[in-house]
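Shown next: start.cif, given as mmCIF, C-alpha atoms.
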data_start
#
loop_
_atom_site.label_atom_id
_atom_site.label_comp_id
_atom_site.auth_asym_id
_atom_site.auth_seq_id
_atom_site.Cartn_x
_atom_site.Cartn_y
_atom_site.Cartn_z
CA MET A 7 -16.10 22.52 -19.70
CA ALA A 8 -14.11 19.37 -20.24
CA SER A 9 -11.59 19.68 -23.03
CA SER A 10 -11.47 15.98 -23.83
CA GLY A 11 -13.04 12.66 -22.88
CA THR A 12 -11.62 12.19 -19.41
CA MET A 13 -9.94 15.51 -18.68
CA ILE A 14 -11.29 17.87 -16.03
CA ASP A 15 -10.89 21.52 -16.99
CA SER A 16 -8.63 23.35 -14.54
CA ASN A 17 -11.35 26.03 -14.17
CA ALA A 18 -14.03 23.50 -13.29
CA VAL A 19 -15.13 23.37 -9.67
CA ALA A 20 -16.48 20.46 -7.64
CA VAL A 21 -19.17 21.48 -5.17
CA ILE A 22 -19.85 19.07 -2.30
CA LEU A 23 -23.01 19.67 -0.27
CA CYS A 24 -22.42 18.89 3.42
CA ALA A 25 -24.73 21.30 5.25
CA GLY A 26 -27.41 18.76 6.17
CA LYS A 27 -27.82 17.77 9.82
CA GLY A 28 -27.85 14.01 9.17
CA SER A 29 -30.30 13.49 12.03
CA ARG A 30 -31.21 9.95 10.95
CA MET A 31 -27.75 8.70 11.90
CA LYS A 32 -28.19 9.95 15.48
CA SER A 33 -24.45 10.66 15.51
CA ASN A 34 -22.55 13.12 17.67
CA CYS A 35 -20.46 14.15 14.68
CA PRO A 36 -21.57 15.56 11.31
CA LYS A 37 -22.88 12.81 9.04
CA VAL A 38 -20.10 13.24 6.46
CA LEU A 39 -17.48 12.68 9.17
CA ASN A 40 -18.63 9.15 9.86
CA THR A 41 -15.90 6.81 8.71
CA ILE A 42 -15.79 4.16 6.03
CA LEU A 43 -12.70 1.92 6.11
CA GLY A 44 -10.92 4.37 8.36
CA ARG A 45 -11.66 7.47 6.26
CA THR A 46 -14.49 9.92 6.65
CA MET A 47 -17.05 9.99 3.86
CA ILE A 48 -16.14 13.54 2.85
CA TYR A 49 -12.42 12.67 2.82
CA GLN A 50 -13.17 9.69 0.58
CA ILE A 51 -15.08 11.90 -1.88
CA ILE A 52 -12.45 14.66 -2.03
CA ASP A 53 -9.72 12.06 -2.52
CA VAL A 54 -11.54 10.55 -5.51
CA LEU A 55 -12.23 13.99 -6.99
CA LYS A 56 -8.57 14.92 -6.65
CA LYS A 57 -7.46 11.70 -8.35
CA SER A 58 -9.98 12.41 -11.12
CA GLY A 59 -8.30 15.69 -11.97
CA PHE A 60 -10.19 18.38 -10.06
CA LYS A 61 -8.08 21.28 -8.85
CA ARG A 62 -10.72 23.33 -7.00
CA TYR A 63 -13.41 22.35 -4.53
CA ILE A 64 -16.23 24.11 -2.68
CA VAL A 65 -17.51 22.38 0.44
CA VAL A 66 -20.86 23.72 1.66
CA CYS A 67 -21.22 23.42 5.44
CA ASN A 68 -23.54 24.70 8.14
CA PRO A 69 -22.35 27.02 10.95
CA GLU A 70 -22.11 24.13 13.42
CA ASN A 71 -20.08 21.64 11.37
CA ILE A 72 -17.70 23.81 9.33
CA ASP A 73 -14.79 23.73 11.78
CA LEU A 74 -14.96 19.95 12.19
CA ILE A 75 -15.16 19.34 8.45
CA ARG A 76 -12.35 21.79 7.70
CA GLY A 77 -10.15 20.07 10.25
CA ASN A 78 -10.74 16.69 8.63
CA LEU A 79 -9.66 17.95 5.21
CA ASN A 80 -6.61 20.00 6.15
CA GLU A 81 -4.24 17.88 4.04
CA PHE A 82 -6.04 18.90 0.83
CA ASP A 83 -5.32 22.16 -1.00
CA ASN A 84 -7.67 24.54 -2.80
CA ILE A 85 -10.84 23.87 -0.78
CA ASP A 86 -13.15 26.82 -0.23
CA PHE A 87 -15.46 26.24 2.73
CA VAL A 88 -18.79 28.03 2.34
CA ILE A 89 -21.52 28.31 4.98
CA GLN A 90 -25.18 27.76 4.18
CA LYS A 91 -26.65 29.96 6.89
CA LYS A 92 -30.05 28.30 6.99
CA GLN A 93 -30.79 24.72 5.98
CA ILE A 94 -33.68 25.46 3.63
CA GLY A 95 -32.86 23.06 0.82
CA THR A 96 -30.27 21.90 -1.66
CA ALA A 97 -30.93 24.75 -4.11
CA ASP A 98 -30.03 27.28 -1.44
CA ALA A 99 -26.92 25.25 -0.62
CA ALA A 100 -25.87 25.22 -4.29
CA ASN A 101 -26.55 28.95 -4.57
CA SER A 102 -24.42 29.56 -1.49
CA ALA A 103 -21.55 27.72 -3.16
CA ILE A 104 -21.80 29.70 -6.39
CA ASN A 105 -22.40 33.14 -4.89
CA GLU A 106 -20.02 33.06 -1.92
CA THR A 107 -16.99 31.24 -3.26
CA ILE A 108 -13.59 32.87 -3.59
CA TYR A 109 -13.07 31.28 -7.01
CA GLN A 110 -13.23 33.35 -10.17
CA ASP A 111 -13.49 32.39 -13.85
CA ILE A 112 -15.32 29.14 -13.14
CA SER A 113 -16.12 27.13 -16.26
CA SER A 114 -18.30 24.16 -15.33
CA VAL A 115 -19.85 23.24 -11.99
CA PHE A 116 -20.05 19.64 -10.76
CA ILE A 117 -22.37 19.22 -7.76
CA PHE A 118 -21.99 16.19 -5.48
CA LEU A 119 -23.48 15.13 -2.15
CA GLY A 120 -21.21 14.59 0.83
CA ASP A 121 -22.84 11.30 1.78
CA THR A 122 -22.08 9.36 -1.42
CA PRO A 123 -18.64 7.87 -0.68
CA LEU A 124 -18.66 5.14 -3.33
CA LEU A 125 -17.97 7.28 -6.39
CA THR A 126 -15.00 6.20 -8.49
CA LYS A 127 -12.57 8.02 -10.75
CA ASN A 128 -14.15 6.29 -13.75
CA ASP A 129 -17.55 7.67 -12.73
CA ILE A 130 -16.18 11.21 -12.70
CA HIS A 131 -14.55 10.72 -16.08
CA SER A 132 -17.81 9.36 -17.49
CA LEU A 133 -19.55 12.54 -16.41
CA SER A 134 -16.83 14.65 -17.98
CA SER A 135 -16.97 12.75 -21.28
CA LYS A 136 -20.76 13.26 -21.60
CA LEU A 137 -20.78 16.93 -20.71
CA GLU A 138 -20.09 18.23 -24.21
CA GLU A 139 -23.45 16.84 -25.38
CA THR A 140 -25.69 18.85 -23.06
CA ASP A 141 -26.17 22.00 -21.01
CA ILE A 142 -27.00 20.17 -17.80
CA LEU A 143 -26.09 16.56 -17.02
CA ILE A 144 -27.45 14.44 -14.21
CA ALA A 145 -26.35 11.03 -12.96
CA SER A 146 -28.99 8.46 -12.09
CA PHE A 147 -29.32 4.76 -11.39
CA ASP A 148 -31.80 1.96 -11.94
CA THR A 149 -32.93 0.17 -8.80
CA VAL A 150 -35.67 -2.19 -7.72
CA SER A 151 -35.89 -0.28 -4.42
CA PRO A 152 -36.32 3.39 -5.35
CA TYR A 153 -37.85 4.48 -2.04
CA GLY A 154 -36.51 7.80 -0.81
CA TYR A 155 -35.00 8.94 -4.12
CA GLY A 156 -36.21 11.51 -6.63
CA ARG A 157 -37.63 9.96 -9.81
CA VAL A 158 -36.30 10.97 -13.24
CA ILE A 159 -39.01 11.91 -15.76
CA HIS A 160 -38.07 11.96 -19.45
CA ASP A 161 -39.80 12.22 -22.83
CA GLN A 162 -39.77 9.78 -25.75
CA ASN A 163 -36.45 11.23 -26.93
CA ASN A 164 -34.86 10.58 -23.51
CA SER A 165 -34.61 14.29 -22.82
CA ILE A 166 -35.00 14.88 -19.10
CA LEU A 167 -38.12 16.89 -18.26
CA LYS A 168 -38.02 17.01 -14.48
CA ILE A 169 -37.12 15.22 -11.27
CA VAL A 170 -39.89 14.51 -8.79
CA GLU A 171 -38.96 14.08 -5.14
CA GLU A 172 -40.33 11.04 -3.31
CA ALA A 173 -42.53 13.16 -1.03
CA ASP A 174 -44.16 14.92 -4.00
CA ALA A 175 -44.47 11.93 -6.38
CA ASP A 176 -47.83 10.44 -7.27
CA ASP A 177 -48.50 6.69 -7.35
CA ASP A 178 -47.44 6.27 -11.00
CA GLN A 179 -44.26 8.28 -10.51
CA ARG A 180 -43.30 6.21 -7.47
CA LYS A 181 -43.25 3.13 -9.72
CA ILE A 182 -40.42 4.63 -11.78
CA LYS A 183 -37.14 2.84 -11.11
CA ILE A 184 -34.77 5.43 -12.58
CA CYS A 185 -33.68 7.62 -9.67
CA PHE A 186 -31.64 10.79 -9.32
CA SER A 187 -28.32 10.27 -7.56
CA GLY A 188 -27.82 13.83 -6.37
CA ILE A 189 -25.06 14.51 -8.92
CA MET A 190 -25.69 17.41 -11.29
CA VAL A 191 -23.30 19.13 -13.69
CA PHE A 192 -23.68 22.55 -15.32
CA LYS A 193 -21.50 22.76 -18.42
CA ASN A 194 -21.46 26.55 -18.11
CA ILE A 195 -21.59 28.35 -14.78
CA ASP A 196 -23.91 30.95 -16.33
CA ASP A 197 -26.71 28.38 -16.31
CA THR A 198 -26.57 28.17 -12.53
CA ILE A 199 -28.60 31.39 -12.56
CA LEU A 200 -31.59 29.05 -13.01
CA LEU A 201 -31.15 27.98 -9.39
CA THR A 202 -32.42 31.40 -8.29
CA GLU A 203 -35.78 30.74 -9.99
CA ILE A 204 -36.60 27.74 -7.80
CA LYS A 205 -39.61 28.04 -5.49
CA ASN A 206 -40.41 26.14 -2.31
CA ASP A 207 -43.97 25.15 -3.23
CA ASN A 208 -43.62 21.55 -2.05
CA LYS A 209 -44.64 19.53 0.99
CA LYS A 210 -41.41 20.25 2.89
CA LYS A 211 -41.31 23.94 1.91
CA GLU A 212 -37.68 23.58 0.88
CA TYR A 213 -35.81 24.78 -2.18
CA TYR A 214 -34.90 21.61 -4.09
CA TYR A 215 -32.11 21.98 -6.60
CA THR A 216 -33.71 19.13 -8.55
CA ASP A 217 -36.40 21.65 -9.60
CA VAL A 218 -33.83 23.34 -11.82
CA ILE A 219 -34.24 20.50 -14.33
CA LYS A 220 -37.85 21.44 -15.14
CA ILE A 221 -36.91 25.11 -15.35
CA ALA A 222 -34.00 24.32 -17.68
CA SER A 223 -36.10 22.05 -19.90
CA GLU A 224 -38.86 24.65 -20.25
CA SER A 225 -36.30 27.34 -21.10
CA GLY A 226 -34.96 25.31 -24.04
CA ARG A 227 -31.76 24.07 -22.49
CA THR A 228 -30.74 20.47 -23.08
CA VAL A 229 -30.77 18.16 -20.07
CA ARG A 230 -29.31 14.67 -20.38
CA ASN A 231 -28.96 11.72 -18.09
CA ILE A 232 -26.18 9.21 -17.57
CA ILE A 233 -27.08 5.98 -15.81
CA MET A 234 -24.41 4.61 -13.48
CA GLU A 235 -24.06 1.67 -11.13
CA TYR A 236 -26.27 1.94 -8.06
CA ASP A 237 -23.45 0.69 -5.83
CA HIS A 238 -21.41 3.71 -6.91
CA LEU A 239 -24.08 6.32 -6.28
CA LYS A 240 -26.18 5.27 -3.32
CA GLY A 241 -26.25 7.61 -0.38
CA VAL A 242 -25.60 6.96 3.29
CA ASN A 243 -28.23 8.17 5.75
CA THR A 244 -28.15 5.44 8.41
CA TYR A 245 -25.52 3.25 10.03
CA GLU A 246 -26.99 0.28 8.21
CA GLN A 247 -26.37 2.03 4.90
CA LEU A 248 -22.88 2.99 6.07
CA SER A 249 -22.14 -0.66 6.74
CA GLU A 250 -23.46 -1.62 3.31
CA ALA A 251 -21.25 1.02 1.68
CA GLU A 252 -18.23 -0.24 3.59
CA ILE A 253 -18.87 -3.77 2.30
CA VAL A 254 -18.98 -2.46 -1.28
CA LEU A 255 -15.78 -0.48 -0.89
CA GLN A 256 -14.01 -3.36 0.86
CA LYS A 257 -14.96 -5.70 -1.98
CA ARG A 258 -13.45 -3.28 -4.51
CA ILE A 259 -10.20 -3.03 -2.56
CA ALA A 260 -9.87 -6.80 -2.20
CA GLN A 261 -10.67 -7.32 -5.87
CA TYR A 262 -8.02 -4.76 -6.89
CA HIS A 263 -5.30 -6.52 -4.88
CA MET A 264 -6.35 -10.01 -5.97
CA GLU A 265 -6.12 -8.89 -9.60
CA LYS A 266 -2.55 -7.79 -8.80
CA GLY A 267 -1.72 -11.29 -7.56
CA VAL A 268 -2.44 -11.11 -3.82
CA LYS A 269 -4.07 -14.21 -2.38
CA ILE A 270 -6.85 -13.17 0.01
CA SER A 271 -8.71 -16.01 1.68
CA LEU A 272 -12.38 -15.18 2.28
CA PRO A 273 -12.00 -11.45 1.52
CA GLU A 274 -15.48 -10.72 2.89
CA THR A 275 -14.18 -11.50 6.40
CA SER A 276 -11.24 -9.08 6.37
CA HIS A 277 -10.73 -5.32 6.58
CA ILE A 278 -8.14 -3.82 4.23
CA SER A 279 -7.51 -0.07 4.28
CA PRO A 280 -7.66 1.84 0.97
CA ASP A 281 -4.10 3.17 1.30
CA ILE A 282 -2.35 -0.17 1.87
CA LYS A 283 0.62 -1.07 -0.36
CA ILE A 284 1.12 -4.79 -1.03
CA GLY A 285 3.96 -6.55 -2.86
CA LYS A 286 3.95 -9.77 -4.89
CA ASN A 287 3.11 -13.31 -3.76
CA VAL A 288 1.46 -12.14 -0.55
CA THR A 289 -1.08 -14.28 1.29
CA ILE A 290 -3.71 -12.78 3.59
CA GLU A 291 -5.74 -15.37 5.45
CA ALA A 292 -9.32 -14.96 6.71
CA ASN A 293 -10.34 -12.51 9.44
CA VAL A 294 -7.41 -10.13 9.13
CA HIS A 295 -7.58 -6.38 9.87
CA ILE A 296 -5.08 -4.22 7.97
CA GLY A 297 -5.48 -0.57 8.92
CA LYS A 298 -4.03 2.67 7.60
CA ASN A 299 -0.41 3.29 6.62
CA VAL A 300 0.63 -0.31 6.08
CA LYS A 301 3.27 -1.42 3.57
CA ILE A 302 3.71 -5.15 2.92
CA GLY A 303 6.69 -6.57 1.03
CA ASP A 304 6.91 -9.54 -1.32
CA GLY A 305 6.23 -13.07 -0.12
CA VAL A 306 4.61 -12.09 3.19
CA THR A 307 2.02 -14.31 4.89
CA ILE A 308 -0.45 -12.77 7.33
CA LYS A 309 -2.34 -15.45 9.21
CA SER A 310 -5.88 -15.31 10.51
CA PHE A 311 -7.08 -12.92 13.22
CA SER A 312 -4.08 -10.62 12.99
CA TYR A 313 -4.50 -6.85 13.45
CA ILE A 314 -2.00 -4.55 11.75
CA GLU A 315 -1.80 -0.76 11.47
CA GLY A 316 0.92 1.80 10.73
CA VAL A 317 3.52 -0.88 9.96
CA GLU A 318 6.13 -1.67 7.32
CA ILE A 319 6.55 -5.41 6.81
CA LYS A 320 9.60 -6.42 4.79
CA GLU A 321 9.93 -9.42 2.44
CA HIS A 322 9.11 -13.03 3.39
CA VAL A 323 7.76 -12.31 6.86
CA ILE A 324 5.19 -14.53 8.60
CA ILE A 325 2.70 -12.80 10.89
CA GLY A 326 0.30 -14.49 13.28
CA PRO A 327 -2.14 -15.98 13.76
CA PHE A 328 -3.66 -13.68 16.41
CA ALA A 329 -0.83 -11.13 16.22
CA ARG A 330 -1.20 -7.40 16.76
CA ILE A 331 1.34 -5.01 15.27
CA ARG A 332 0.82 -1.36 16.09
CA SER A 333 1.96 1.94 14.61
CA ASN A 334 5.55 2.97 13.92
CA SER A 335 6.88 -0.57 13.72
CA ILE A 336 9.11 -2.22 11.11
CA ILE A 337 9.27 -6.00 10.74
CA GLY A 338 12.50 -7.02 9.00
CA LYS A 339 12.98 -9.47 6.16
CA ASP A 340 12.56 -13.19 6.95
CA SER A 341 11.26 -12.45 10.45
CA LYS A 342 8.46 -14.30 12.18
CA VAL A 343 5.90 -12.89 14.60
CA GLY A 344 3.95 -15.68 16.26
CA ASN A 345 0.51 -16.01 17.75
CA PHE A 346 -0.69 -13.66 20.49
CA VAL A 347 2.30 -11.36 20.03
CA GLU A 348 1.91 -7.58 20.31
CA ILE A 349 4.48 -5.17 18.89
CA LYS A 350 4.37 -1.39 19.24
CA ASN A 351 6.78 1.32 18.03
CA SER A 352 9.54 -1.24 17.50
CA ASN A 353 12.06 -2.13 14.81
CA LEU A 354 12.77 -5.81 14.18
CA SER A 355 15.80 -6.43 11.99
CA GLU A 356 16.22 -9.27 9.50
CA GLY A 357 15.53 -12.82 10.69
CA VAL A 358 14.10 -12.00 14.11
CA LYS A 359 11.84 -14.63 15.69
CA VAL A 360 9.19 -13.66 18.25
CA GLY A 361 7.47 -16.84 19.38
CA HIS A 362 4.16 -16.33 21.11
CA LEU A 363 2.52 -14.53 24.02
CA SER A 364 5.14 -11.74 23.92
CA TYR A 365 4.99 -7.94 24.04
CA LEU A 366 7.63 -5.68 22.48
CA GLY A 367 7.14 -1.94 22.95
CA ASP A 368 9.61 0.85 22.13
CA ALA A 369 12.25 -1.71 21.22
CA GLY A 370 14.99 -2.23 18.65
CA ILE A 371 15.86 -5.87 17.91
CA GLY A 372 19.03 -6.87 16.06
CA LYS A 373 19.47 -9.39 13.26
CA SER A 374 18.73 -13.09 13.87
CA THR A 375 17.68 -12.59 17.49
CA ASN A 376 15.20 -15.00 19.11
CA ILE A 377 12.60 -13.71 21.56
CA GLY A 378 11.23 -16.51 23.72
CA ALA A 379 7.56 -17.05 24.53
CA GLY A 380 6.08 -14.80 27.17
CA THR A 381 8.81 -12.17 26.96
CA ILE A 382 7.79 -8.57 27.67
CA THR A 383 9.55 -5.24 27.47
CA CYS A 384 8.64 -3.19 30.54
CA ASN A 385 8.80 0.15 28.76
CA PHE A 386 6.60 2.37 30.96
CA ASP A 387 7.32 3.46 34.52
CA GLY A 388 4.02 5.25 35.05
CA GLU A 389 5.26 8.57 33.71
CA LYS A 390 7.67 7.99 30.83
CA LYS A 391 8.36 5.35 28.22
CA TYR A 392 11.86 4.01 27.65
CA GLN A 393 13.74 2.12 24.93
CA THR A 394 14.92 -1.47 25.00
CA LYS A 395 17.85 -2.22 22.66
CA ILE A 396 18.67 -5.85 21.87
CA GLY A 397 21.63 -6.70 19.63
CA GLN A 398 22.27 -9.36 16.98
CA ASN A 399 22.14 -13.11 17.55
CA VAL A 400 20.70 -12.70 21.03
CA PHE A 401 18.66 -15.42 22.72
CA ILE A 402 15.99 -14.21 25.14
CA GLY A 403 14.64 -17.10 27.19
CA SER A 404 10.92 -17.60 27.72
CA ASN A 405 8.98 -15.58 30.27
CA SER A 406 11.65 -12.89 30.61
CA SER A 407 10.87 -9.32 31.72
CA LEU A 408 13.16 -6.69 30.20
CA VAL A 409 12.96 -3.49 32.26
CA ALA A 410 13.78 -0.41 30.16
CA PRO A 411 15.88 1.59 29.66
CA LEU A 412 18.00 -1.41 28.75
CA ASN A 413 20.78 -2.36 26.34
CA ILE A 414 21.39 -6.06 25.67
CA GLU A 415 24.43 -6.38 23.41
CA ASP A 416 25.26 -8.90 20.64
CA GLU A 417 25.64 -12.66 21.14
CA THR A 418 24.14 -12.68 24.64
CA TYR A 419 21.79 -15.06 26.42
CA VAL A 420 19.05 -14.20 28.89
CA ALA A 421 17.97 -17.16 31.01
CA SER A 422 14.29 -18.06 31.04
CA GLY A 423 12.25 -16.42 33.75
CA SER A 424 14.72 -13.60 34.33
CA VAL A 425 13.89 -10.01 35.25
CA VAL A 426 16.63 -7.99 33.55
CA ASN A 427 17.06 -4.37 34.65
CA LYS A 428 20.78 -3.87 33.98
CA ASP A 429 22.60 -3.69 30.65
CA VAL A 430 24.03 -7.00 29.43
CA PRO A 431 27.51 -6.90 27.76
CA ALA A 432 28.25 -8.79 24.54
CA GLY A 433 28.63 -12.54 24.88
CA ALA A 434 27.32 -12.69 28.47
CA LEU A 435 24.62 -14.79 30.10
CA ALA A 436 22.12 -12.82 32.20
CA ILE A 437 20.36 -14.70 34.98
CA SER A 438 18.02 -13.05 37.45
CA ARG A 439 16.04 -15.57 39.52
CA VAL A 440 15.26 -16.30 43.14
CA LYS A 441 17.20 -19.36 44.24
CA GLN A 442 15.02 -22.45 44.01
CA GLU A 443 14.37 -24.34 47.25
CA ASN A 444 12.84 -27.85 47.37
CA LYS A 445 11.11 -28.81 50.64
CA ILE A 446 11.28 -32.62 50.79
CA GLY A 447 8.03 -34.30 51.86
CA TRP A 448 6.05 -31.05 51.99
CA ALA A 449 3.29 -32.20 49.63
CA LYS A 450 2.69 -35.42 51.59
CA LYS A 451 2.37 -33.50 54.85
CA MET A 452 -0.18 -31.09 53.30
CA LYS A 453 -2.38 -33.96 52.15
CA LYS A 454 -2.42 -35.44 55.68
CA LYS A 455 -3.62 -32.11 57.10
CA LYS A 456 -6.60 -32.12 54.75
#
Rewrite the structure of this file - the entire thing - as structure tokens.
Amino acid sequence: MASSGTMIDSNAVAVILCAGKGSRMKSNCPKVLNTILGRTMIYQIIDVLKKSGFKRYIVVCNPENIDLIRGNLNEFDNIDFVIQKKQIGTADAANSAINETIYQDISSVFIFLGDTPLLTKNDIHSLSSKLEETDILIASFDTVSPYGYGRVIHDQNNSILKIVEEADADDDQRKIKICFSGIMVFKNIDDTILLTEIKNDNKKKEYYYTDVIKIASESGRTVRNIIMEYDHLKGVNTYEQLSEAEIVLQKRIAQYHMEKGVKISLPETSHISPDIKIGKNVTIEANVHIGKNVKIGDGVTIKSFSYIEGVEIKEHVIIGPFARIRSNSIIGKDSKVGNFVEIKNSNLSEGVKVGHLSYLGDAGIGKSTNIGAGTITCNFDGEKKYQTKIGQNVFIGSNSSLVAPLNIEDETYVASGSVVNKDVPAGALAISRVKQENKIGWAKKMKKKK
């Protein structure tokens, strides 16, 4: 039972039903482990529930998917994984959660579906705030396309009488646009005993937990409905629906950052991970991919077609266009990473310039160093990877190959086109080229032969 408008009681439990096979997705992994913006659907749901105030969770799995789902959620605490031995309906799944959990002294029970990744913290708080008014609360939505969802039947006083599944609805009931979302809340765990009274006298011969609403209504318990946004509640059963959900979530993320002052050009063309941290006066141009674990400082510009993941970008950096910055990299303040540059596991200090068509892997670059176009660090010998260390105020000429392990000290120059495989002392010029030879008249002779 919620103690106040938006507080979740510490003895409440969130049940997430994940035992279904998800056969319509034709996926090799459990349906709830399909990803949306880099996170699995079940991870997304647990994360929102945690931020909403839940302290305890029960995830209902089947014998085949429990290990995979448990492994995906190992960073969360207080999850009890329960197995539904046979997939004979949602009522049996809910009963498995209640009867086999390790948790004691449960107050209220919130039941969610593992394939509804668009729930928000505000949605959870809305459920909590309405729970005092009823014994059982359901969440529904109004849609012009109700196909596939259970229809909500109510009386003239808006008391909920029953939920009719699509397969069992008659023609008039199929015209109803108010649909059940799959979310159901029992204010008192004692009322979950009604789940044991459910029969499987339906076309699919399954035990639907939606049937508990009719049983509760006929027993004199109050059942209320809260209508929420369809885009927050719709389920994911196909890859098309997964794509639609990702678009919704991406729009929310972009809107959040734009409200904080981030300029995002054509946000519908870009991918921005939910966990990204962005500073002030940042510009993100069209067709940018920003993956997980990215931190962007103030005044940064990320130009079109850049791909960034696992990176910290300091203040006033310019990235791209067409740049790729991979995990475990730091781009220092006032640096510039040009077009068609790839950086991996490298630390660029303040004021570093990397022109274009360059690759820096496993490298440390000192302050105010210039990396010429076409420069590559040769960091892999076929078995091991090695570090390249470049000091401050170094000039690396275009089309240079830096063969690691290598230490290029401060204030040095590397001539264009050099292959450098020995350390370069401070203040030196490194040149490694084959001596040029000009054969006078050679071109004219070749033309005569043709």
Which residues, protein or nucleic acid, reach to within 9 Å of (-4.7, -17.3, 15.3) in the file's coordinates when using all atoms listed in the file, and can you give that as a short mmCIF file (atom, residue, chain, number, x, y, z; two decimals) with C-alpha atoms, in the frame of the given file?
data_model
loop_
_atom_site.label_atom_id
_atom_site.label_comp_id
_atom_site.auth_asym_id
_atom_site.auth_seq_id
_atom_site.Cartn_x
_atom_site.Cartn_y
_atom_site.Cartn_z
CA LYS A 309 -2.34 -15.45 9.21
CA SER A 310 -5.88 -15.31 10.51
CA PHE A 311 -7.08 -12.92 13.22
CA SER A 312 -4.08 -10.62 12.99
CA GLY A 326 0.30 -14.49 13.28
CA PRO A 327 -2.14 -15.98 13.76
CA PHE A 328 -3.66 -13.68 16.41
CA ALA A 329 -0.83 -11.13 16.22
CA GLY A 344 3.95 -15.68 16.26
CA ASN A 345 0.51 -16.01 17.75
CA PHE A 346 -0.69 -13.66 20.49
#
Just so the selection is clear, what residues does the PyMOL selection byres ((chain A and resi 203) around 10) cover here, as a PyMOL selection string? chain A and resi 97+198-202+204-205+213+217-218+221
Neighbour list for A:Thr275 as a list in words, cut-off 12 Å, all atoms listed in the file, skip fewer than 5 positions in-chain: Ile253, Gln256, Lys257, Ala260, Ile270, Ile290, Glu291, Ala292, Asn293, Val294, His295, Ile296, Ser310 and Phe311 of chain A
How would you write, as a PyMOL selection string, the residues chosen by the PyMOL selection byres ((chain A and resi 41-56) around 7) on this structure? chain A and resi 38-40+57-61+79+120-121+123+126-127+252+279
Could you state the separation of atom CA of A:Asn68 and atom CA of A:Lys91 in Å, given to one decimal place?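 Computing the Euclidean distance for atom CA of A:Asn68 and atom CA of A:Lys91 yields 6.2 Å.
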Evaluated on this file, the PyMOL selection byres ((chain A and resi 350-358) around 10) picks out some residues - which ones are they, written as a CSV table (one decimal) with C-alpha atoms, keeping the file's coordinate frame?
chain,number,residue,atom,x,y,z
A,315,GLU,CA,-1.8,-0.8,11.5
A,316,GLY,CA,0.9,1.8,10.7
A,317,VAL,CA,3.5,-0.9,10.0
A,318,GLU,CA,6.1,-1.7,7.3
A,319,ILE,CA,6.6,-5.4,6.8
A,320,LYS,CA,9.6,-6.4,4.8
A,321,GLU,CA,9.9,-9.4,2.4
A,322,HIS,CA,9.1,-13.0,3.4
A,323,VAL,CA,7.8,-12.3,6.9
A,330,ARG,CA,-1.2,-7.4,16.8
A,331,ILE,CA,1.3,-5.0,15.3
A,332,ARG,CA,0.8,-1.4,16.1
A,333,SER,CA,2.0,1.9,14.6
A,334,ASN,CA,5.6,3.0,13.9
A,335,SER,CA,6.9,-0.6,13.7
A,336,ILE,CA,9.1,-2.2,11.1
A,337,ILE,CA,9.3,-6.0,10.7
A,338,GLY,CA,12.5,-7.0,9.0
A,339,LYS,CA,13.0,-9.5,6.2
A,340,ASP,CA,12.6,-13.2,7.0
A,341,SER,CA,11.3,-12.4,10.4
A,342,LYS,CA,8.5,-14.3,12.2
A,343,VAL,CA,5.9,-12.9,14.6
A,348,GLU,CA,1.9,-7.6,20.3
A,349,ILE,CA,4.5,-5.2,18.9
A,359,LYS,CA,11.8,-14.6,15.7
A,360,VAL,CA,9.2,-13.7,18.2
A,361,GLY,CA,7.5,-16.8,19.4
A,365,TYR,CA,5.0,-7.9,24.0
A,366,LEU,CA,7.6,-5.7,22.5
A,367,GLY,CA,7.1,-1.9,23.0
A,368,ASP,CA,9.6,0.8,22.1
A,369,ALA,CA,12.2,-1.7,21.2
A,370,GLY,CA,15.0,-2.2,18.6
A,371,ILE,CA,15.9,-5.9,17.9
A,372,GLY,CA,19.0,-6.9,16.1
A,373,LYS,CA,19.5,-9.4,13.3
A,374,SER,CA,18.7,-13.1,13.9
A,375,THR,CA,17.7,-12.6,17.5
A,376,ASN,CA,15.2,-15.0,19.1
A,377,ILE,CA,12.6,-13.7,21.6
A,393,GLN,CA,13.7,2.1,24.9
A,394,THR,CA,14.9,-1.5,25.0
A,395,LYS,CA,17.8,-2.2,22.7
A,396,ILE,CA,18.7,-5.8,21.9
A,397,GLY,CA,21.6,-6.7,19.6
A,398,GLN,CA,22.3,-9.4,17.0
A,399,ASN,CA,22.1,-13.1,17.6
A,400,VAL,CA,20.7,-12.7,21.0
Calculate how many Å separate atom CA of A:Asp83 from atom CA of A:Tyr63, rounding to one decimal. 8.8 Å
Find the residue from A:Ile282, A:Val191, A:Gly156, A:Ile324 that sits nearest to A:Gln179; use all atoms listed in the file when measuring. A:Gly156
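The smallest atom-to-atom distance between A:Asp176 and any of A:Arg157, A:Asp196, A:Leu119, A:Asn427, using all atoms listed in the file, is found for A:Arg157.
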Just to confirm, what's the straight-line distance from atom CA of A:Val430 to atom CA of A:Glu443 in Å (one decimal)?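 Interatomic distance here is 26.7 Å.
Selecting by distance to (15.6, -11.1, 34.3) with a limit of 7 Å and using only C-alpha atoms, one obtains Ser406, Ser407, Leu408, Gly423, Ser424, Val425, Val426, Asn427, Ile437, Ser438 and Arg439 of chain A.
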Would you output that residue set with C-alpha atoms, as a short mmCIF file (atom, residue, chain, number, x, y, z; two decimals), in the frame of the given file?
data_model
loop_
_atom_site.label_atom_id
_atom_site.label_comp_id
_atom_site.auth_asym_id
_atom_site.auth_seq_id
_atom_site.Cartn_x
_atom_site.Cartn_y
_atom_site.Cartn_z
CA SER A 406 11.65 -12.89 30.61
CA SER A 407 10.87 -9.32 31.72
CA LEU A 408 13.16 -6.69 30.20
CA GLY A 423 12.25 -16.42 33.75
CA SER A 424 14.72 -13.60 34.33
CA VAL A 425 13.89 -10.01 35.25
CA VAL A 426 16.63 -7.99 33.55
CA ASN A 427 17.06 -4.37 34.65
CA ILE A 437 20.36 -14.70 34.98
CA SER A 438 18.02 -13.05 37.45
CA ARG A 439 16.04 -15.57 39.52
#
